[in-house]
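Undergrad: The structure under discussion is supplied below as C-alpha cells; questions concerning it will follow.
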2 protein chains.
Amino acid sequence: MKRCVFGFLIAVAVAVAIAIAAPAFAADETLLGFPGERSREQRELESRFDGTLNAENLKQWMSHLAARPHHVGSEWGKQNAEFMAELFRSWGYETRIETFEVLFPTPKLRRLQMIEPVAFTASLDEPALAEDATSGQKDEQLPTYNAYSVDGDVTGELVYVNYGVPEDYEELALRGIDVEGKIALARYGKSWRGIKPKVAAENGAIGCIIFSDPRDDGYFQGDVYPVGGYRGAAGAQRGSVADMPLFPGDPLTPGRGATADADRLKIEDAPTLTSIPVLPISYADAQPLLEALKGPVAPPSWRGALPLAYHLGPGPAKVRLQLEFDWKMATARDVIAVLPGKTFPEQWVIRGNHHDAWVNGATDPVAGLVAMMEEARAVGELTKNGWRPRRTIVYAAWDAEEPGLLGSVEWAEAHADELRRKAVAYINTDAYGRGFLEMGGSHTLERFMNQVVRDVPDPHKEMSVAQRRRAAILVNGDDKAKKEARERADLRLAALGSGSDYTPFLQHLGIASLNLAFFGEAHYGQYHSVYDSFDHFTRFMDPDFHYGVALAKVTGRATLRLADADVLPFEFATLVETIAGYVDELQKLADEMRETTAEKNRLIDEGSYVAAASPEETYVPPQREEPVPHLNFAPLENALESLRSSVRAYEEALTAASAEGGELPPEKAAALDSVLMSVERSLGRSEGLPGRSWYTHHVYAPGFYTGYGVKTLPGVREAIELRRWSQASEQIEVAAAVLAALDEQVERATEILTR
Amino acid sequence: MKRCVFGFLIAVAVAVAIAIAAPAFAADETLLGFPGERSREQRELESRFDGTLNAENLKQWMSHLAARPHHVGSEWGKQNAEFMAELFRSWGYETRIETFEVLFPTPKLRRLQMIEPVAFTASLDEPALAEDATSGQKDEQLPTYNAYSVDGDVTGELVYVNYGVPEDYEELALRGIDVEGKIALARYGKSWRGIKPKVAAENGAIGCIIFSDPRDDGYFQGDVYPVGGYRGAAGAQRGSVADMPLFPGDPLTPGRGATADADRLKIEDAPTLTSIPVLPISYADAQPLLEALKGPVAPPSWRGALPLAYHLGPGPAKVRLQLEFDWKMATARDVIAVLPGKTFPEQWVIRGNHHDAWVNGATDPVAGLVAMMEEARAVGELTKNGWRPRRTIVYAAWDAEEPGLLGSVEWAEAHADELRRKAVAYINTDAYGRGFLEMGGSHTLERFMNQVVRDVPDPHKEMSVAQRRRAAILVNGDDKAKKEARERADLRLAALGSGSDYTPFLQHLGIASLNLAFFGEAHYGQYHSVYDSFDHFTRFMDPDFHYGVALAKVTGRATLRLADADVLPFEFATLVETIAGYVDELQKLADEMRETTAEKNRLIDEGSYVAAASPEETYVPPQREEPVPHLNFAPLENALESLRSSVRAYEEALTAASAEGGELPPEKAAALDSVLMSVERSLGRSEGLPGRSWYTHHVYAPGFYTGYGVKTLPGVREAIELRRWSQASEQIEVAAAVLAALDEQVERATEILTR
C-alpha cells in the first residue's frame, strides 16, 4: 500500500485488512473528509437516512412512472416530469423544470422487404402479451426504430457483417467480400449500435439493418419472456444511432444548450446523423434473411444461436429498406431539485438519473430513477430535524437520455460556466438489477467510494456490498482481476466511456463523476423493448426492490459525504497509480502491434497466408502494413515521475498541516477545497481530442470505434490503434502536458497547506 | 538445433533451413538410412511409384466397396474382404484372410419415449435421401445404436450433463444436482463417446442418451446434407461404447486372439461392456427432450446451438429407454497381404487400414482404404521391374475396427510373439479429407516423417505438404505452435492416443507406429451415419481423389523407406527432447494444481463461493481438497540426464563408425538394425499401466477419462490428475525405470558401433 494521504488513512489500512480477512463491516473506519468525531456523526446521519428508506415507495413510483410510454416529447413524459417536480417540492427542494427544444425524429414509414430469392416482409412489431399489462399500449408506443437514422429507400444485396466493427470488414476483405452498394446486416453487441451504420457507410454500404441475435440477447441466455426474462423472437432493440463519439446531445446545437432561442444547424448539416438508413429488427425478422444468404460460411466467432448456417453473402438475399421520419422538434424536460448548502452554497454535488424511456422503461431508467427519488426523499427527511448539508445538493431527472443524452448534455452546455465554477462531482445512476455493485468513475474518488461500499450491506447476504463484489471477482474474475482482488485493499473503479448522463459532466466539463449500479443476477433481456415493463421488472429484475434500496444507500452515502465533508474526499495517489497503469498498457499495445505487424508482413512476404487458405474458396491475402515504429513515451514517464513526487510532497504537507485526528485549520480546509473540486478540470483541454473537440477529457473518453466502450488516455491510444504514428507522438506530448497541468494543481494544493 | 545423429544430418539441417525460407522441395536432402547415392536411387524408385498412382482407381474401388453397408459380419463386408484379397493377389502379394470370432451385438429393440411432461417418441431413424443413392438400403443398414451397451428398460428423469466428463458432474454438484437414479442426457464431443456412459454410471445414472448437438456437429458448422456436407437434424452417430481405455478388441478375449477355439469370458463377466443402457440420438430427437427440461439454466459453455434455453433438470422431462440386443458372434475377416523382403524377410513393415464401416462408410474407412490399396498396387508394380524390398511389407485391411479395433487387436494378440520379434513399424490410415497433413506417431520416427513430407507435393498448391502444414500452423495455430513453427526445423508428430488400429501395435506390443491423414478443408459431418456415402464423399470430401493420391504418396514413401533403408531410420534425440517436454508439463501440472487447490480451499474457508452465488439459486459450495504435495521428479530428471548423455555417445559412435557419406559397414548396420527395431518395446512394461495391464506403453496411452485423447507419460499424469499422490510418486519411479530401459537400448546400440 502506498503512503497515506491523510494521517487517519492508517486507520483505514488496518480496517481494510480486517475487512478482507473477515466478513464484518468497517464501521469504525475513519471517513475521508470526516476527521475524528465527525466520522461517527456522519455515520449516525447515514443511519437515520437508511432508516427512512422504504422499498414500497420505489414500487409505487415505478408503477406510476412506467404506467405508460414516456419518451421525450410524450404526454406521459411531461406528466412524469410534473409528478416528480411536485414530489421534490413536497420534500423541501427548490424545484424547477428546465426545458430544451431538441430534434427528435420519429418514424412515418418503416418497411423492410426481402425481394430475392424469396419474398418476405419483416413484421417490425412487438406484439402485446397477456402476461404484460402495458405491452399493448400501441397508440403511445414508439415503434422499433433507430433514432437519427436518415430517411432512405434503398435496395441491395445483403452482406452479413457480424458486429459491424472495423475488424469485421477486414475479415470480409480476406474473403473478397465488400459492402460497396450493398446493405449491411449486423448483429447487436460488442460495439455501441451507432458504430455499426457509421462503419458500414465508411465501407460503402447503402443501408444497415441491426438484429438482436439470440446468442447475445435471447434464448441462448435463458428462457424468453414471459416464461423467463430474456428477449423473445419478436423483441427488437430501439436506440439512437447518432454519431455519439463525435458529440452527444441535440444534433443541431453542438456545444451549446438547445434553448428555445439557440443557434441551430440545419438538419442537412447536422454531422451526427447517419449517412445511410438504419433499422433494428428482431431475430424472428432476421432469420429469413440469414437463411436466404449464401456465399462463404461465416467464421466460427461470427455465428450466432439461430438454427442455421450463418453465411456472409453477398446475396442472393436482396432487400428493400424504406425509412421516412417525421423530423420534428420535441421539448425535453429536465427536473432540477436543489437543496442549498449551508456552508458552501456555491459548491454543488449533482446527482442524476434520466426519466425518459424508449417505451415504458421500468428497468431503463425508472429503476434507477425511483431509487434516486427515494434517496432524495430521505435526504429531505433529514432536513426536518434541522440538518442541512454543508454544500448544495442538486437532484436532476434528465429527459431525452435515450436519443443520445440530450437532457443532460443540453443542461450541462447551457450551464457550462457555472458548472465549471461550482460543480464538485456528478453521481449518476440509470438501469439496475440484482447482484453485484458495478462502480465506474474518476479515480480521485476511488478510495472514497471504497469507504462508501464497505459501509453498505448487501440486501441478501451477511456482508457489505464491497465484500460481495470482491467475492464475485475472486470466484469469477479473470486471472488478472483475481490476483488483484487478493492483493489490493481497494476495489477498482472502472474507467467511464459513455452510455449514460455522466458524459457531459465528466468528458465535456471535467467534473469528477461516478456511475453506479447493481447487476449480474437479474434476467434483463428487454433492453429498449416494449416488454421493459413493471410486470417484467417485478418478476425478473428486483421484485422486492431491495437492491434499489441498497443502491439508494450507496448513492445516498456518496452524495451526503461529498456534501458534508470538512475537506472534499478527493485523493491523488490512486489517480496517478491508475494513469501509470494506462501508460504501461499503451507501451505494451505498441509493442504487441509491432510484433504482430512484423509477423503479419512476414506471413505475407513468404506466402503463408495463401498457402494456408483453401484452394476452393476465394482468398485475398491481407495487405502489408507499415512497421510499427518505437514511440517516445519518455514525456509521459517523466510527467508521471514528477507527479509522483508532487503527490508525496502534498501528502507530507497535509500531514504536517493537520491537527491530531487529521483535522485541518478551517481556512486551509476551505482553500484546499476550492483546489480539490477543480482537479478533474485539469485533465481536460479546451481544444478537445483529435477530430472531436467536444470531448475535452484526456484520460477517459468513449472510443471513436467502440461507442460506449472506454478508451483511456484516448488521444494516444486511438492514434496508436489507428496507426497514426506522428499523431501518436504528438498526443504523447499532449497527454504529458495534461499530467503537468494536474501536477500544477497538486502543487497549488501543497502551497495552500504550507503557506 | 541439437547435434546431428548421423553425419549426413548436417545436410538435412541445411536443407531444412532452405525449405522454410523458400517454397521449394528438398529433393536433394540425404535421406535417413540411405547414405550417399542410395538417397538418389530411393527417390528414383519413389518417382516411379508416384507415376503409377491413379486417382481413378480410388474412385472405382470406393464406388464398389461403399456400394452396400459392410459392417463386421455383413454379407458385403465378406464380399469386400474377398474382393480385396483377390486384388492383392493379382498385384503379387501372398494374401490370406484371417478370421476371428468376435462378440458383436446388434439391436433387437430400440425405444426412447418421453412420458412426462409431454409424450414424445424418438424416431431413431435416418431417412433415405433422394440425393444419396445408398441412403435407402434399409435392409442391410445397422440402425443407430451404441455397440456394447447392455440391455435395459429404464425410466427416469433426465439430467443434461453436457459432454458427460468428470468435471461436468462437479459443475452439476455445485448446483445441487446429481444423476443418481436418473438418465443422463449427454452431447457428443470432447471425450470419446464410451467415457460418457462410464462416468454417468459411476455417478449413479441408470441410463445414458447421447445426442449430436448442431453446435458441434450440424448446422453451426455449415450447411447440412444434402445442401452441404454437415449433419442434418435426423443424423445420428453410431459407435462403440465398450470401455476401450481398459482394453480394446473383442470384449470376451482380452489379451488373446479371438480364434475359433480361444478361451472366452462369459458375456456377463465381460468387463468392457457398459453397466447401463446407452443410445445415440439425432438433434431432431434431442430437441423435444431439451425443451422439456427445467431446473437451472446450463452454464454458458454447456449451451449448444439448438434454438432453446438449455436447462439442467432434473426433469420434469422423464423418459423410458428400452434396449435389447442380439448378443451374437460375428466373423471378422482381416485381409493380410505380404510382400516378402529380399534381405531381411524377418523384419516386417506393417501398413494397415480397416475395411469395415458402420454403414456404407465412404469416408470412414473406405477413403483411407482405397488410398492404401492404390499404394499396394503401385508397390506391386515396382516388383515387375525386378525390384524387391529389403524388408517384408505387410498390407492389412482390418475388419471390425468400428466396434472397438477388433480386427487389428485380435490379429496383434494372436501374433503377439512373432510381432514382437519381427515388427519394425506399423503405419496406419483411416478416414481422410482435403486439407493439411495430420501426423501422429512414435517420436523415434519424427525426423524420418519430416523427410517424407518434405518430398510430397500438395495436390493443389505449389509446395510440399510439409510447407502447407507449416503455413497452416503459422497462420492458424495457437501462440505456442506458431512460435515453434518459426523456430523448429521439423514439424512435430502428435502423440497417439487411440481411435484407430495403431493402438494394439503401439500401446500393447510396443511397435513404433504412425497415423496419417489429411483433414481441415473437407466438410465431413457424416461420421458414423448412413450418409457417409460415395455421393457425400465425391461432393464434400475429396471429389477428385487428389488428396487420396497425396496420402498414398506419403504413406507409400514411409513404407518404402522403412522397408528399403540400409539402417532403420529411427532416431533418439527427438524422442528424448519430446519426453523431456512431457516431464516439464507434468511438473507444471502439479504446480498449477497446487496453486489452484490452495486458492480453492481459501475461497471455501473464507466463504467467497457462497458470497458470490445467487441467493435465488441452489448452491452447494465445493468440498475442500487435500493440498497438492511437492512430488519428487528427480528420478525422471536424472534418467533424462543419463539418456541425453547416452544419446550423445551413440551419435559420436555412429559418426566414428560411418564411412564418408554416412555409410556403415554392413555387419554393423545389420546388428544396429536389430536394436533399433525394438527400441519402442523398451518403452513398455509387461505389467502395464495401473488398473489396465493391456496398455503396456509408458509414454503414450489413451486417457482413462478421455478415451481417444492421449495422455503422455500416462502412469504419472493420470495419477496426478486423479490426485493419487503416492501412486504418482510410484509412477515417477516406474517411468524413470522405463527411461533407464531405453537408455540400455541406446547403450547397446553404441556398443555395437564401437566393438
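Ordered as shown in the C-alpha cells, chains take letters A, B, and onward, while each chain numbers its residues from 1 and ligands are numbered from 1 in the order shown.
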I'd like the contact shell of stretch 199-213 of chain B - 7 Å cut-off, only C-alpha atoms, skipping same-chain residues fewer than 6 positions apart - returned as a CSV table (one decimal) with N, CA and C atoms, in the first residue's frame.
TA:
```
chain,number,residue,atom,x,y,z
B,154,VAL,N,-35.3,-48.8,-18.7
B,154,VAL,CA,-35.2,-47.9,-17.5
B,154,VAL,C,-36.0,-46.7,-17.8
B,164,GLY,N,-20.6,-34.9,-20.4
B,164,GLY,CA,-20.6,-36.1,-19.6
B,164,GLY,C,-19.2,-36.5,-19.1
B,165,VAL,N,-18.3,-35.6,-19.0
B,165,VAL,CA,-17.0,-35.9,-18.5
B,165,VAL,C,-16.9,-35.5,-17.0
B,166,PRO,N,-16.0,-36.0,-16.2
B,166,PRO,CA,-16.0,-35.9,-14.8
B,166,PRO,C,-16.2,-34.4,-14.3
B,179,VAL,N,-27.1,-37.4,-10.7
B,179,VAL,CA,-27.8,-38.2,-11.7
B,179,VAL,C,-28.2,-39.6,-11.0
B,180,GLU,N,-28.1,-39.7,-9.8
B,180,GLU,CA,-28.4,-40.9,-9.0
B,180,GLU,C,-29.9,-41.3,-9.4
B,181,GLY,N,-30.0,-42.5,-10.0
B,181,GLY,CA,-31.4,-43.0,-10.3
B,181,GLY,C,-32.0,-42.3,-11.5
B,182,LYS,N,-31.2,-41.4,-12.2
B,182,LYS,CA,-31.7,-40.7,-13.4
B,182,LYS,C,-31.1,-41.1,-14.7
B,183,ILE,N,-31.5,-40.5,-15.7
B,183,ILE,CA,-31.0,-40.8,-17.0
B,183,ILE,C,-30.2,-39.6,-17.5
B,184,ALA,N,-28.9,-39.8,-17.8
B,184,ALA,CA,-28.0,-38.7,-18.2
B,184,ALA,C,-28.2,-38.5,-19.7
B,185,LEU,N,-28.4,-37.2,-20.1
B,185,LEU,CA,-28.5,-36.8,-21.5
B,185,LEU,C,-27.2,-36.0,-21.8
B,186,ALA,N,-26.3,-36.6,-22.5
B,186,ALA,CA,-25.0,-36.1,-22.8
B,186,ALA,C,-24.9,-35.7,-24.3
B,187,ARG,N,-24.1,-34.7,-24.6
B,187,ARG,CA,-23.9,-34.4,-26.0
B,187,ARG,C,-22.5,-35.1,-26.5
B,188,TYR,N,-22.5,-35.4,-27.7
B,188,TYR,CA,-21.3,-36.0,-28.3
B,188,TYR,C,-20.2,-34.9,-28.3
B,236,ALA,N,-27.6,-39.4,-36.9
B,236,ALA,CA,-27.2,-39.8,-35.6
B,236,ALA,C,-25.9,-40.5,-35.7
B,275,SER,N,-22.3,-50.6,-18.0
B,275,SER,CA,-23.1,-51.1,-16.9
B,275,SER,C,-24.5,-50.5,-17.0
B,276,ILE,N,-24.8,-49.6,-17.9
B,276,ILE,CA,-26.1,-49.0,-18.1
B,276,ILE,C,-26.4,-49.0,-19.6
B,277,PRO,N,-27.7,-49.0,-19.9
B,277,PRO,CA,-28.1,-48.9,-21.4
B,277,PRO,C,-27.8,-47.5,-21.9
B,278,VAL,N,-27.3,-47.5,-23.2
B,278,VAL,CA,-26.9,-46.3,-23.8
B,278,VAL,C,-27.4,-46.2,-25.2
B,279,LEU,N,-27.9,-45.0,-25.7
B,279,LEU,CA,-28.4,-44.9,-27.0
B,279,LEU,C,-28.0,-43.6,-27.6
B,280,PRO,N,-27.6,-43.6,-28.9
B,280,PRO,CA,-27.3,-42.3,-29.5
B,280,PRO,C,-28.6,-41.8,-30.2
B,281,ILE,N,-28.8,-40.5,-30.2
B,281,ILE,CA,-29.9,-39.9,-31.0
B,281,ILE,C,-29.5,-38.7,-31.8
B,282,SER,N,-30.4,-38.3,-32.7
B,282,SER,CA,-30.2,-37.1,-33.5
B,282,SER,C,-30.6,-35.9,-32.8
B,283,TYR,N,-30.2,-34.7,-33.3
B,283,TYR,CA,-30.7,-33.5,-32.7
B,283,TYR,C,-32.2,-33.2,-32.8
B,286,ALA,N,-33.4,-35.0,-30.0
B,286,ALA,CA,-33.0,-34.4,-28.7
B,286,ALA,C,-33.7,-33.2,-28.3
B,304,GLY,N,-25.6,-25.5,-26.4
B,304,GLY,CA,-25.3,-25.8,-27.8
B,304,GLY,C,-26.0,-24.9,-28.7
B,305,ALA,N,-26.3,-25.4,-30.0
B,305,ALA,CA,-26.9,-24.5,-31.0
B,305,ALA,C,-28.3,-24.7,-31.3
```
Undergrad: Just want the 10 Å neighbourhood of B:Glu126, counted on only C-alpha atoms, with same-chain residues fewer than 4 positions away dropped. Output as a list in words.
TA: Ser135, Gly136, Lys138, Pro143, Thr144, Gly232, Ala233, Ala234, Gly235, Ala236, Ser282, Ser529, Val530 and Tyr531 of chain B
Undergrad: Using only C-alpha atoms, find the residues of chain A whose closest atom to chain B is at most 9 Å away, then write them as a ChimeraX atom specification.
TA: /A:21-23,214-215,218-224,297-298,300,303-311,435-436,460-463,467-476,521,600,603,606-616
Undergrad: Could you save those same residues with C-alpha atoms as a tab-separated table (two decimals), in the first residue's frame?
TA:
```tsv
chain	number	residue	atom	x	y	z
A	21	ALA	CA	-10.00	-11.29	6.29
A	22	ALA	CA	-13.42	-11.45	7.92
A	23	PRO	CA	-16.92	-10.71	6.68
A	214	PRO	CA	-30.42	-14.89	-29.60
A	215	ARG	CA	-26.78	-15.82	-28.90
A	218	GLY	CA	-32.33	-14.15	-26.38
A	219	TYR	CA	-32.84	-17.83	-25.67
A	220	PHE	CA	-29.14	-18.63	-25.54
A	221	GLN	CA	-29.07	-16.63	-22.29
A	222	GLY	CA	-32.14	-18.25	-20.72
A	223	ASP	CA	-35.89	-18.63	-21.04
A	224	VAL	CA	-37.55	-15.90	-23.03
A	297	VAL	CA	-19.86	-19.69	-44.20
A	298	ALA	CA	-19.14	-17.05	-41.55
A	300	PRO	CA	-16.94	-19.53	-36.12
A	303	ARG	CA	-22.07	-17.49	-35.78
A	304	GLY	CA	-25.00	-16.77	-33.53
A	305	ALA	CA	-27.64	-19.02	-31.99
A	306	LEU	CA	-30.20	-19.12	-34.78
A	307	PRO	CA	-30.71	-22.67	-36.07
A	308	LEU	CA	-28.95	-22.21	-39.38
A	309	ALA	CA	-25.54	-21.98	-41.02
A	310	TYR	CA	-24.52	-18.32	-40.97
A	311	HIS	CA	-23.36	-17.26	-44.44
A	435	GLY	CA	-26.40	-8.73	-8.00
A	436	PHE	CA	-23.08	-7.04	-7.58
A	460	HIS	CA	-29.38	-10.76	0.86
A	461	LYS	CA	-26.00	-11.76	2.27
A	462	GLU	CA	-24.45	-11.03	5.64
A	463	MET	CA	-21.71	-8.81	4.27
A	467	GLN	CA	-17.22	-7.82	0.19
A	468	ARG	CA	-19.77	-9.39	-2.10
A	469	ARG	CA	-18.25	-7.68	-5.11
A	470	ARG	CA	-14.79	-8.81	-4.10
A	471	ALA	CA	-16.01	-12.39	-3.64
A	472	ALA	CA	-17.52	-12.32	-7.13
A	473	ILE	CA	-14.19	-11.21	-8.58
A	474	LEU	CA	-12.25	-13.82	-6.60
A	475	VAL	CA	-14.56	-16.57	-7.85
A	476	ASN	CA	-15.49	-15.44	-11.36
A	521	GLU	CA	-28.14	-11.73	-11.16
A	600	LYS	CA	1.94	-10.48	-40.43
A	603	LEU	CA	3.50	-14.24	-43.44
A	606	GLU	CA	6.63	-15.71	-47.60
A	607	GLY	CA	3.18	-16.57	-48.95
A	608	SER	CA	1.97	-18.40	-45.85
A	609	TYR	CA	-1.50	-16.82	-45.89
A	610	VAL	CA	-2.14	-18.02	-49.40
A	611	ALA	CA	-0.58	-21.40	-48.59
A	612	ALA	CA	-2.90	-21.90	-45.63
A	613	ALA	CA	-6.04	-20.84	-47.50
A	614	SER	CA	-8.39	-23.33	-49.09
A	615	PRO	CA	-7.96	-23.56	-52.87
A	616	GLU	CA	-11.74	-23.95	-53.25
```
Undergrad: Could you check which of A:Gly548, A:Pro459, A:Pro690, A:Gly156 is closest to A:Lys318, using only C-alpha atoms?
TA: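 Closest to A:Lys318 of all the choices is A:Gly156.
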Undergrad: Considering only C-alpha atoms, give me a table of residues in stretch 422-531 of chain B that are at most 12 Å from stretch 250-256 of chain B, with the closest atom pair and distance in Å for each, as JSON lines.
TA:
```
{"residue": "B:Pro504", "atom": "CA", "partner": "B:Gly255", "partner_atom": "CA", "distance": 10.0}
{"residue": "B:His508", "atom": "CA", "partner": "B:Gly255", "partner_atom": "CA", "distance": 8.9}
{"residue": "B:Leu509", "atom": "CA", "partner": "B:Gly255", "partner_atom": "CA", "distance": 10.7}
```
Undergrad: Would you kindly return, as a ChimeraX atom specification, each protein, DNA or RNA residue with an atom no farther than 9 Å from any atom of stretch 341-347 of chain B, considering only C-alpha atoms and excluding same-chain residues fewer than 3 positions away?
TA: /B:388-393,421-424,563-564,674,677
Undergrad: Identify all residues of stretch 94-268 of chain B in strand (DSSP E) (DSSP on the backbone) and supply them as an NGL selection string.
TA: :B and (94-103 or 106-116 or 120-121 or 146-147 or 152-160 or 183-187 or 207-211 or 239-240)
Undergrad: Just want the 9 Å neighbourhood of stretch 483-500 of chain B, counted on only C-alpha atoms, with same-chain residues fewer than 3 positions away dropped. Output as a ChimeraX atom specification.
TA: /B:1,13,16-17,19-20,192,244-245,353-354,401-402,404-405,428-430,438-443,445-447,449-451,466,469-471,473-474,478-480,503,506-507,513-515,699-703,707-712
Undergrad: Considering only C-alpha atoms, can you say which of B:Gln526, B:Thr754, B:Thr538, B:Asn632 comes closest to B:Glu651?
TA: B:Thr754
Undergrad: Just want the 8 Å neighbourhood of A:His536, counted on only C-alpha atoms, with same-chain residues fewer than 2 positions away dropped. Output as a list in words.
TA: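 Here the qualifying residues turn out to be Asp132, Pro226, Gly229, Ala362, Tyr531, Asp532, Ser533, Phe534, Thr538, Arg539, Phe540 and Met541 of chain A.
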Undergrad: I need the chosen residues saved as a PDB file, in the first residue's frame, with N, CA and C atoms.
TA:
```
ATOM      1  N   ASP A 132     -48.232  -9.249 -19.834  1.00  0.00           N
ATOM      2  CA  ASP A 132     -47.563  -7.969 -19.644  1.00  0.00           C
ATOM      3  C   ASP A 132     -48.578  -6.856 -19.888  1.00  0.00           C
ATOM      4  N   PRO A 226     -42.636 -14.404 -21.893  1.00  0.00           N
ATOM      5  CA  PRO A 226     -42.853 -14.188 -20.457  1.00  0.00           C
ATOM      6  C   PRO A 226     -42.531 -15.386 -19.565  1.00  0.00           C
ATOM      7  N   GLY A 229     -36.999 -14.035 -18.389  1.00  0.00           N
ATOM      8  CA  GLY A 229     -36.852 -12.598 -18.579  1.00  0.00           C
ATOM      9  C   GLY A 229     -36.256 -12.187 -19.913  1.00  0.00           C
ATOM     10  N   ALA A 362     -39.384   0.316 -17.405  1.00  0.00           N
ATOM     11  CA  ALA A 362     -39.384   0.065 -15.960  1.00  0.00           C
ATOM     12  C   ALA A 362     -37.953  -0.090 -15.436  1.00  0.00           C
ATOM     13  N   TYR A 531     -41.358  -4.620 -23.689  1.00  0.00           N
ATOM     14  CA  TYR A 531     -41.510  -5.518 -22.539  1.00  0.00           C
ATOM     15  C   TYR A 531     -40.621  -5.124 -21.354  1.00  0.00           C
ATOM     16  N   ASP A 532     -39.928  -3.991 -21.466  1.00  0.00           N
ATOM     17  CA  ASP A 532     -39.222  -3.454 -20.289  1.00  0.00           C
ATOM     18  C   ASP A 532     -40.287  -2.736 -19.459  1.00  0.00           C
ATOM     19  N   SER A 533     -40.991  -3.541 -18.667  1.00  0.00           N
ATOM     20  CA  SER A 533     -42.243  -3.086 -18.048  1.00  0.00           C
ATOM     21  C   SER A 533     -42.242  -3.370 -16.554  1.00  0.00           C
ATOM     22  N   PHE A 534     -43.211  -2.800 -15.880  1.00  0.00           N
ATOM     23  CA  PHE A 534     -43.391  -3.086 -14.455  1.00  0.00           C
ATOM     24  C   PHE A 534     -43.565  -4.588 -14.229  1.00  0.00           C
ATOM     25  N   THR A 538     -40.804  -6.615 -11.929  1.00  0.00           N
ATOM     26  CA  THR A 538     -41.173  -7.214 -10.645  1.00  0.00           C
ATOM     27  C   THR A 538     -41.149  -8.742 -10.690  1.00  0.00           C
ATOM     28  N   ARG A 539     -40.909  -9.324 -11.863  1.00  0.00           N
ATOM     29  CA  ARG A 539     -40.702 -10.783 -11.909  1.00  0.00           C
ATOM     30  C   ARG A 539     -39.212 -11.129 -12.048  1.00  0.00           C
ATOM     31  N   PHE A 540     -38.492 -10.348 -12.838  1.00  0.00           N
ATOM     32  CA  PHE A 540     -37.151 -10.807 -13.226  1.00  0.00           C
ATOM     33  C   PHE A 540     -36.000  -9.888 -12.813  1.00  0.00           C
ATOM     34  N   MET A 541     -36.300  -8.697 -12.333  1.00  0.00           N
ATOM     35  CA  MET A 541     -35.198  -7.773 -12.071  1.00  0.00           C
ATOM     36  C   MET A 541     -34.942  -7.658 -10.562  1.00  0.00           C
TER      37      MET A 541
END
```
